[in-house]
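Asker: Before we start, here is the structure in question, set down as structure tokens.
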Amino acid sequence: MDPTLISCERRGAGRPLILLHGLGDRRQCWRAVSADLLREYEVVCVDLPGFGSSPAPPAGESYDVHSLTTAVQEFCALHGFERPHVAGNSLGGAIALELGVRGVAGSVTVFSPIGFSDPLARLGMRVAGGGARLAGHVPLRYKERLADTAPARALARAVLRGNPASPEARATRFAVRGLEPGSPFLRLVPRVAAYFFQARPIACPVTIAWGDRDRTLLPSSAVAAHLRVPHARMVSLIGCGHIPMADDPGSVAAQIRWTCRAADRAFDALASPRRGSGH
């Protein structure tokens with residue numbers, strides 16, 4: 001994947017903070033969160049390859065969590081982002097953790113990351129992926145009509161939002177334009193379902209947050225996350241679903257800020273001259 005083709009939006013000033021979206025999403029999902037962080041950090045919202053304005057890799061080229069991690073790592077090197085803070089949701093959360101393992105990230109904050117589900121849940125994801133591939137053969141006009149029906153909208157609100165009955169959740173619907181044969185979404189679904197985060201050291205502050213109403217990746221997955229990243233600060237986001245940036249952007253920004261500041265304090269302490277060592 002060519003890092004020069006990765007689209008992003010850069011705003012603010014300070015140490016870089018990279019924000020990574022989930023499967024099928026795009027960089028705009030961070031808009032409300034980033035607005036709360038611009039005074040302290042240069043916030044870089046990224047369209048992962050295949051989503052938003054970033055093209056997918058050619059057919060046959062490696063396209064999974066690890067290749068996406070390499071693409072983001074090369075993107076950071078291209079733009080001179082040295083040890084940036086990184087935050088991500090779902091698929092983006094797994095990429096953020098992998099960047100932490102590689103020593104690329106200065107801090108990692110993740111929200112409902114993939115890679116920690118139990119075998120039964122991973123089987124369910126593979127079954128759902130098979131259904132999505134079948135849906136890829138249905139003409140788009142029929143999929144659009146189905147997505148706009150009351151039952152489909154109710155299901156989308158239940159799956160994606162913490163409080164399906166809230167006024168903010170009314171516009172929620174499943175995006176069906178990505179359900180086309182060979183689409184980036186369908187190419188990645190089996191890779192996401194099969195992905196398993198292996199326990200390895202991460203030498204920076206880590207926060208793992210889970211919405212207590214996440215019905216896509218159940219909050220019980222946080223137990224496995226804590227076992228495999230034992231030094232992580234674990235947070236439950238009350239009233240949030242799988243995309244907490246939509247449910248409670250203020251709390252999401254607060255968790256990112258906490259992790260960033262913890263890393264900044266540690267960095268400043270190492271960079272400061274030792275007391276009493278002057279001559």
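Chains: A, B, ... in order of the structure tokens. Residues: from 1 per chain. Ligands: from 1, in order shown.
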Show which residues sit within 8 Å of Asn89 in chain A, as a PyMOL selection string. Count only C-alpha atoms, and ignore same-chain residues fewer than 6 positions away.

Answerer: chain A and resi 20-22+110-113+243

Asker: Nearest residue to Asp64 in chain A out of A:Ala193, A:Val46, A:Val33, A:Ala158, using only C-alpha atoms?

Answerer: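 Among A:Ala193, A:Val46, A:Val33, A:Ala158, it is A:Ala193 that comes nearest to Asp64 in chain A.
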
Asker: Find, counting only C-alpha atoms, the residue in A:Leu227, A:Val159, A:Leu5, A:Ala94 that gets nearest to Pro57 in chain A.

Answerer: A:Leu5

Asker: Quick one: pull the distance between CA of Asp36 in chain A and CA of Pro230 in chain A, Å, one decimal.

Answerer: 28.8 Å

Asker: In Å, how far is it from CA of Thr70 in chain A to CA of Ser183 in chain A?

Answerer: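 For CA of Thr70 in chain A relative to CA of Ser183 in chain A, the distance reads 20.7 Å.
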
Asker: Would you please extract all alpha helix (DSSP H) residues from range 13-227 of chain A, as assigned by DSSP on the backbone, and give them as a ChimeraX atom specification?

Answerer: /A:31-34,65-78,91-101,119-135,140-147,150-160,184-194,221-227

Asker: Could you write out the selected residues, including C-alpha atoms, as a PDB file, in the first residue's frame?

Answerer:
ATOM      1  CA  ARG A  31     -14.851  15.232  14.010  1.00  0.00           C
ATOM      2  CA  ALA A  32     -16.576  15.909  17.341  1.00  0.00           C
ATOM      3  CA  VAL A  33     -13.739  14.254  19.297  1.00  0.00           C
ATOM      4  CA  SER A  34     -10.934  16.066  17.486  1.00  0.00           C
ATOM      5  CA  VAL A  65      -4.556  -5.736   9.947  1.00  0.00           C
ATOM      6  CA  HIS A  66      -0.795  -6.176   9.657  1.00  0.00           C
ATOM      7  CA  SER A  67      -0.481  -4.669   6.176  1.00  0.00           C
ATOM      8  CA  LEU A  68      -2.689  -1.749   7.253  1.00  0.00           C
ATOM      9  CA  THR A  69      -0.433  -1.265  10.281  1.00  0.00           C
ATOM     10  CA  THR A  70       2.576  -1.111   7.973  1.00  0.00           C
ATOM     11  CA  ALA A  71       0.769   1.413   5.756  1.00  0.00           C
ATOM     12  CA  VAL A  72       0.044   3.696   8.733  1.00  0.00           C
ATOM     13  CA  GLN A  73       3.620   3.278   9.994  1.00  0.00           C
ATOM     14  CA  GLU A  74       4.955   4.343   6.587  1.00  0.00           C
ATOM     15  CA  PHE A  75       2.435   7.208   6.509  1.00  0.00           C
ATOM     16  CA  CYS A  76       3.826   8.462   9.839  1.00  0.00           C
ATOM     17  CA  ALA A  77       7.410   8.216   8.557  1.00  0.00           C
ATOM     18  CA  LEU A  78       6.447  10.040   5.357  1.00  0.00           C
ATOM     19  CA  LEU A  91     -10.225  -2.119  13.374  1.00  0.00           C
ATOM     20  CA  GLY A  92      -8.390   1.150  13.990  1.00  0.00           C
ATOM     21  CA  GLY A  93      -7.916   0.092  17.612  1.00  0.00           C
ATOM     22  CA  ALA A  94      -6.124  -3.089  16.553  1.00  0.00           C
ATOM     23  CA  ILE A  95      -3.863  -1.079  14.243  1.00  0.00           C
ATOM     24  CA  ALA A  96      -3.087   1.335  17.085  1.00  0.00           C
ATOM     25  CA  LEU A  97      -2.116  -1.548  19.384  1.00  0.00           C
ATOM     26  CA  GLU A  98       0.067  -3.103  16.675  1.00  0.00           C
ATOM     27  CA  LEU A  99       1.795   0.264  16.214  1.00  0.00           C
ATOM     28  CA  GLY A 100       2.419   0.251  19.963  1.00  0.00           C
ATOM     29  CA  VAL A 101       3.975  -3.216  19.722  1.00  0.00           C
ATOM     30  CA  PRO A 119     -13.965 -18.301  19.418  1.00  0.00           C
ATOM     31  CA  LEU A 120     -17.773 -18.294  19.363  1.00  0.00           C
ATOM     32  CA  ALA A 121     -17.880 -14.560  18.705  1.00  0.00           C
ATOM     33  CA  ARG A 122     -15.258 -14.874  15.957  1.00  0.00           C
ATOM     34  CA  LEU A 123     -17.394 -17.607  14.376  1.00  0.00           C
ATOM     35  CA  GLY A 124     -20.349 -15.240  14.488  1.00  0.00           C
ATOM     36  CA  MET A 125     -18.280 -12.587  12.719  1.00  0.00           C
ATOM     37  CA  ARG A 126     -17.319 -15.069   9.995  1.00  0.00           C
ATOM     38  CA  VAL A 127     -20.991 -16.005   9.516  1.00  0.00           C
ATOM     39  CA  ALA A 128     -21.933 -12.316   9.315  1.00  0.00           C
ATOM     40  CA  GLY A 129     -19.146 -11.822   6.803  1.00  0.00           C
ATOM     41  CA  GLY A 130     -20.534 -14.628   4.679  1.00  0.00           C
ATOM     42  CA  GLY A 131     -23.932 -12.952   4.745  1.00  0.00           C
ATOM     43  CA  ALA A 132     -22.321  -9.661   3.707  1.00  0.00           C
ATOM     44  CA  ARG A 133     -20.629 -11.349   0.758  1.00  0.00           C
ATOM     45  CA  LEU A 134     -23.976 -12.781  -0.342  1.00  0.00           C
ATOM     46  CA  ALA A 135     -25.522  -9.330  -0.037  1.00  0.00           C
ATOM     47  CA  LEU A 140     -27.638  -1.734  -4.942  1.00  0.00           C
ATOM     48  CA  ARG A 141     -31.121  -0.209  -5.373  1.00  0.00           C
ATOM     49  CA  TYR A 142     -32.670  -3.111  -3.469  1.00  0.00           C
ATOM     50  CA  LYS A 143     -30.086  -2.939  -0.711  1.00  0.00           C
ATOM     51  CA  GLU A 144     -30.704   0.808  -0.332  1.00  0.00           C
ATOM     52  CA  ARG A 145     -34.455   0.232  -0.017  1.00  0.00           C
ATOM     53  CA  LEU A 146     -33.919  -2.509   2.560  1.00  0.00           C
ATOM     54  CA  ALA A 147     -31.514  -0.376   4.614  1.00  0.00           C
ATOM     55  CA  ALA A 150     -37.953   0.597   9.750  1.00  0.00           C
ATOM     56  CA  PRO A 151     -36.741  -2.870  10.905  1.00  0.00           C
ATOM     57  CA  ALA A 152     -33.318  -2.376   9.268  1.00  0.00           C
ATOM     58  CA  ARG A 153     -32.908   1.064  10.808  1.00  0.00           C
ATOM     59  CA  ALA A 154     -33.952  -0.273  14.222  1.00  0.00           C
ATOM     60  CA  LEU A 155     -31.384  -3.061  13.915  1.00  0.00           C
ATOM     61  CA  ALA A 156     -28.668  -0.579  12.918  1.00  0.00           C
ATOM     62  CA  ARG A 157     -29.445   1.592  15.932  1.00  0.00           C
ATOM     63  CA  ALA A 158     -29.401  -1.438  18.239  1.00  0.00           C
ATOM     64  CA  VAL A 159     -26.094  -2.726  16.885  1.00  0.00           C
ATOM     65  CA  LEU A 160     -24.211   0.545  16.516  1.00  0.00           C
ATOM     66  CA  PRO A 184     -12.611  -3.092   0.464  1.00  0.00           C
ATOM     67  CA  PHE A 185     -15.185  -3.879   3.156  1.00  0.00           C
ATOM     68  CA  LEU A 186     -15.845  -7.395   1.863  1.00  0.00           C
ATOM     69  CA  ARG A 187     -12.134  -8.020   1.281  1.00  0.00           C
ATOM     70  CA  LEU A 188     -11.360  -7.138   4.906  1.00  0.00           C
ATOM     71  CA  VAL A 189     -14.287  -8.815   6.693  1.00  0.00           C
ATOM     72  CA  PRO A 190     -12.748 -12.332   6.807  1.00  0.00           C
ATOM     73  CA  ARG A 191      -9.374 -10.879   7.842  1.00  0.00           C
ATOM     74  CA  VAL A 192     -10.994  -8.938  10.665  1.00  0.00           C
ATOM     75  CA  ALA A 193     -12.944 -12.013  11.810  1.00  0.00           C
ATOM     76  CA  ALA A 194      -9.771 -14.125  11.879  1.00  0.00           C
ATOM     77  CA  SER A 221     -13.885  -9.011  25.414  1.00  0.00           C
ATOM     78  CA  ALA A 222     -12.270  -6.417  27.684  1.00  0.00           C
ATOM     79  CA  VAL A 223     -11.301  -9.259  30.049  1.00  0.00           C
ATOM     80  CA  ALA A 224      -9.194 -10.891  27.336  1.00  0.00           C
ATOM     81  CA  ALA A 225      -7.751  -7.489  26.430  1.00  0.00           C
ATOM     82  CA  HIS A 226      -6.644  -6.914  30.024  1.00  0.00           C
ATOM     83  CA  LEU A 227      -4.982 -10.339  30.165  1.00  0.00           C
TER      84      LEU A 227
END

Asker: Tell me which protein, DNA and RNA residues are within 12 Å of Ser236 in chain A, counting only C-alpha atoms, leaving out same-chain ones fewer than 5 positions away, and put them as a PyMOL selection string.

Answerer: chain A and resi 110-112+207-214+218-223+241-242+244+251-252+255

Asker: As a PyMOL selection string, please: every residue in range 33-260 of chain A that a backbone DSSP assignment puts in strand (DSSP E or B).

Answerer: chain A and resi 41-46+85-89+107-111+206-211+233-237

Asker: CA of Pro249 in chain A and CA of Phe81 in chain A are how many Å apart?

Answerer: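 Computed distance, CA of Pro249 in chain A to CA of Phe81 in chain A, equals 24.7 Å.
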
Asker: Using only C-alpha atoms, determine which residues lie at most 9 Å from Asp248 in chain A, disregarding the query and same-chain residues fewer than 6 positions distant; provide the list as a short mmCIF file (atom, residue, chain, number, x, y, z; two decimals) with C-alpha atoms, in the first residue's frame.

Answerer:
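Heads up, here's the output in around13.cif:
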data_model
loop_
_atom_site.label_atom_id
_atom_site.label_comp_id
_atom_site.auth_asym_id
_atom_site.auth_seq_id
_atom_site.Cartn_x
_atom_site.Cartn_y
_atom_site.Cartn_z
CA VAL A 33 -13.74 14.25 19.30
CA LEU A 237 -17.67 3.92 28.82
CA GLY A 239 -23.99 4.30 27.91
CA CYS A 240 -21.77 3.86 24.84
#

Asker: I'd like the neighbourhood of Ile256 in chain A as a list in words, where a residue qualifies if any of its atoms comes within 9 Å (using only C-alpha atoms), though same-chain residues fewer than 6 positions away should be ignored.

Answerer: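 The contact residues come out as Leu37, His85, Val86, Ala87, Val108, Thr109, Val110 and Thr207 of chain A.
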